[in-house]
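The structure appears right after this line, and notes come after that.
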Amino acid sequence: MLTFVGLGLYDLGDISLKGLECVRNADAVYLEAYTSRLMGTDVVEMEAFFENEIRVLSREDVEQNPRDIIERAARGRVAFLTGGDPMVSTTHADLRMRAAAAGVATSIIHASSISSAVCGLSGLQNYRFGKSCSVPFPAKGWFPTAPVETIAANLDLNLHTLVFLDIQMDRYMRIPEAIAIIEEMAAKRGIEPPALYVGIARAGSESPVVAAGSGAKLKETQFGPPLHALVVPADLHPMEREYLEIFAGL
């Protein structure tokens, strides 16, 4: 059995009791650490808490070379840990399909996700979100503009956009940096940059930071440590506006 276990948003307290039981009883435990990370804990603490050894996986381990995971699951109980909810990322859906093709049974233990947490923290209604996008760190000779095109398309439909910020081994994109990149993308594409953003830092922690305002305002806002996420709202419903005024300083 290969069980996909969501760890939730921030620390060890976010996992469900069902998930905890699964991890503690697993014959092998893998942790996918490239789509999201729990900033309120680390692997050493996880191993002590789960009373089990954890192997940390790279993107290549999951997307290109998942044979070891699937073979272990064919012989015993394997827990595949992810930050947030396991099936928000398409790479995990791909792994589940590969396991099924190999005749390995699978199951999912869900958990809280940034995709739902942004609605509670910002007051923006979940049914008004369009396609999400990710802003990557630019590289030499590579500066994609697809994210700002997604944002513009959603705004044309009067839909909010959840923007995921890049996570790399040694750095985490912050909200001010993401806004500057989006503005540069907009300039390259001849698109009007967003007039309003909502920045969210450390969702799921005891002290998340939520701030709404212009790009200029949020680039000067102190959001503190990662993880950060960004929302570009469409036209605000009166209740959404009031919520942002109360809880996000709009």
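Chain lettering (A, B, ...) mirrors the order of the structure tokens, residue numbering begins at 1 for each chain separately, and ligand numbering begins at 1 in order of display.
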Checklist line | Close residues, Arg72 (chain A) itself excluded, 12 Å, only C-alpha atoms, min 3 positions apart in chain, as a ChimeraX atom specification | finding: /A:1-3,26-30,66-69,75-80,99,102,104-105
For the selection just defined, write its residues with C-alpha atoms to a file, as a short mmCIF file (atom, residue, chain, number, x, y, z; two decimals), in the first residue's frame.
```
data_model
loop_
_atom_site.label_atom_id
_atom_site.label_comp_id
_atom_site.auth_asym_id
_atom_site.auth_seq_id
_atom_site.Cartn_x
_atom_site.Cartn_y
_atom_site.Cartn_z
CA MET A 1 0.00 0.00 0.00
CA LEU A 2 1.21 3.49 -0.89
CA THR A 3 -0.49 6.11 1.28
CA ALA A 26 4.66 2.47 8.01
CA ASP A 27 7.46 0.15 6.89
CA ALA A 28 9.02 3.02 4.92
CA VAL A 29 8.47 6.78 5.02
CA TYR A 30 9.32 9.24 2.25
CA PRO A 66 9.92 6.63 -8.48
CA ARG A 67 10.71 2.93 -8.90
CA ASP A 68 12.10 2.55 -5.37
CA ILE A 69 8.95 4.06 -3.83
CA ARG A 75 6.23 -5.21 -0.45
CA GLY A 76 4.84 -3.29 2.52
CA ARG A 77 3.24 -0.15 3.90
CA VAL A 78 4.76 3.06 2.53
CA ALA A 79 3.84 6.58 3.68
CA PHE A 80 4.55 9.38 1.21
CA ALA A 99 1.63 2.99 -8.62
CA ALA A 102 2.17 -1.31 -11.25
CA VAL A 104 0.06 -1.21 -6.05
CA ALA A 105 -2.91 -0.17 -3.91
#
```
Note to self: Among region 25-189 of chain A, which residues does DSSP mark as strand (DSSP E or B) when it is run on the backbone? Keep the chain and numbering as in the structure and answer as a ChimeraX atom specification.
What the structure shows: /A:28-32,55-57,78-82,84,106-109,129,133-135,139,142,160-165,167,172
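Those residues that approach Leu81 (chain A) to within 10 Å, counting only C-alpha atoms, are Thr3, Phe4, Val5, Gly6, Leu7, Gly19, Val23, Val29, Tyr30, Leu31, Glu32, Ala33, Ile54, Arg55, Val56, Leu57, Pro86 and Ile109 of chain A; same-chain residues fewer than 5 positions away are not listed.
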Check: When distances are computed from only C-alpha atoms, which of A:Ala111, A:Met239, A:Ile182, A:Ile151 shows the smallest separation from Leu9 (chain A)?
Finding: A:Ala111
Can you pull out every residue within 9 Å of region 116-118 of chain A, counting only C-alpha atoms, but drop anything in the same chain fewer than 2 positions away, and send it as a PDB file with N, CA and C atoms, in the first residue's frame?
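Writing the result to result_37.pdb gives the following:
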```
ATOM      1  N   LEU A   9      -0.003  22.699   7.033  1.00  0.00           N
ATOM      2  CA  LEU A   9       0.578  23.947   6.584  1.00  0.00           C
ATOM      3  C   LEU A   9       1.907  24.344   7.220  1.00  0.00           C
ATOM      4  N   SER A 112      -4.869  20.156   5.635  1.00  0.00           N
ATOM      5  CA  SER A 112      -5.086  21.545   5.240  1.00  0.00           C
ATOM      6  C   SER A 112      -4.086  21.948   4.170  1.00  0.00           C
ATOM      7  N   SER A 113      -4.514  22.874   3.306  1.00  0.00           N
ATOM      8  CA  SER A 113      -3.705  23.305   2.168  1.00  0.00           C
ATOM      9  C   SER A 113      -3.740  24.810   2.058  1.00  0.00           C
ATOM     10  N   ILE A 114      -2.690  25.391   1.488  1.00  0.00           N
ATOM     11  CA  ILE A 114      -2.683  26.831   1.252  1.00  0.00           C
ATOM     12  C   ILE A 114      -3.826  27.233   0.335  1.00  0.00           C
ATOM     13  N   GLY A 120      -9.628  31.605   4.114  1.00  0.00           N
ATOM     14  CA  GLY A 120      -9.920  31.967   5.495  1.00  0.00           C
ATOM     15  C   GLY A 120      -9.119  33.166   5.963  1.00  0.00           C
ATOM     16  N   LEU A 121      -7.865  33.258   5.549  1.00  0.00           N
ATOM     17  CA  LEU A 121      -7.010  34.351   6.001  1.00  0.00           C
ATOM     18  C   LEU A 121      -7.311  35.660   5.297  1.00  0.00           C
ATOM     19  N   SER A 122      -7.740  35.585   4.047  1.00  0.00           N
ATOM     20  CA  SER A 122      -7.990  36.811   3.276  1.00  0.00           C
ATOM     21  C   SER A 122      -9.459  37.191   3.198  1.00  0.00           C
ATOM     22  N   GLY A 123     -10.355  36.223   3.422  1.00  0.00           N
ATOM     23  CA  GLY A 123     -11.784  36.487   3.252  1.00  0.00           C
ATOM     24  C   GLY A 123     -12.241  36.439   1.810  1.00  0.00           C
ATOM     25  N   LEU A 124     -11.343  36.130   0.888  1.00  0.00           N
ATOM     26  CA  LEU A 124     -11.719  36.013  -0.518  1.00  0.00           C
ATOM     27  C   LEU A 124     -12.428  34.680  -0.731  1.00  0.00           C
ATOM     28  N   ASN A 126     -13.815  31.226  -2.023  1.00  0.00           N
ATOM     29  CA  ASN A 126     -13.103  30.184  -2.775  1.00  0.00           C
ATOM     30  C   ASN A 126     -13.675  29.965  -4.173  1.00  0.00           C
ATOM     31  N   LEU A 162      -4.504  32.813  -7.142  1.00  0.00           N
ATOM     32  CA  LEU A 162      -3.545  32.395  -6.118  1.00  0.00           C
ATOM     33  C   LEU A 162      -2.191  32.206  -6.797  1.00  0.00           C
ATOM     34  N   ILE A 200       0.372  36.842   2.060  1.00  0.00           N
ATOM     35  CA  ILE A 200       0.144  35.975   3.222  1.00  0.00           C
ATOM     36  C   ILE A 200       1.447  35.269   3.567  1.00  0.00           C
ATOM     37  N   ALA A 203       1.146  30.868   6.751  1.00  0.00           N
ATOM     38  CA  ALA A 203      -0.206  30.333   6.979  1.00  0.00           C
ATOM     39  C   ALA A 203      -0.115  29.076   7.829  1.00  0.00           C
ATOM     40  N   GLY A 204      -1.006  28.941   8.785  1.00  0.00           N
ATOM     41  CA  GLY A 204      -1.027  27.785   9.665  1.00  0.00           C
ATOM     42  C   GLY A 204      -0.242  27.957  10.943  1.00  0.00           C
ATOM     43  N   ALA A 229       2.960  33.515   0.319  1.00  0.00           N
ATOM     44  CA  ALA A 229       2.073  33.302  -0.820  1.00  0.00           C
ATOM     45  C   ALA A 229       1.447  34.635  -1.177  1.00  0.00           C
ATOM     46  N   LEU A 230       0.904  34.714  -2.378  1.00  0.00           N
ATOM     47  CA  LEU A 230       0.375  35.965  -2.890  1.00  0.00           C
ATOM     48  C   LEU A 230      -0.960  35.705  -3.571  1.00  0.00           C
ATOM     49  N   VAL A 231      -1.877  36.655  -3.431  1.00  0.00           N
ATOM     50  CA  VAL A 231      -3.155  36.590  -4.145  1.00  0.00           C
ATOM     51  C   VAL A 231      -3.347  37.900  -4.891  1.00  0.00           C
TER      52      VAL A 231
END
```
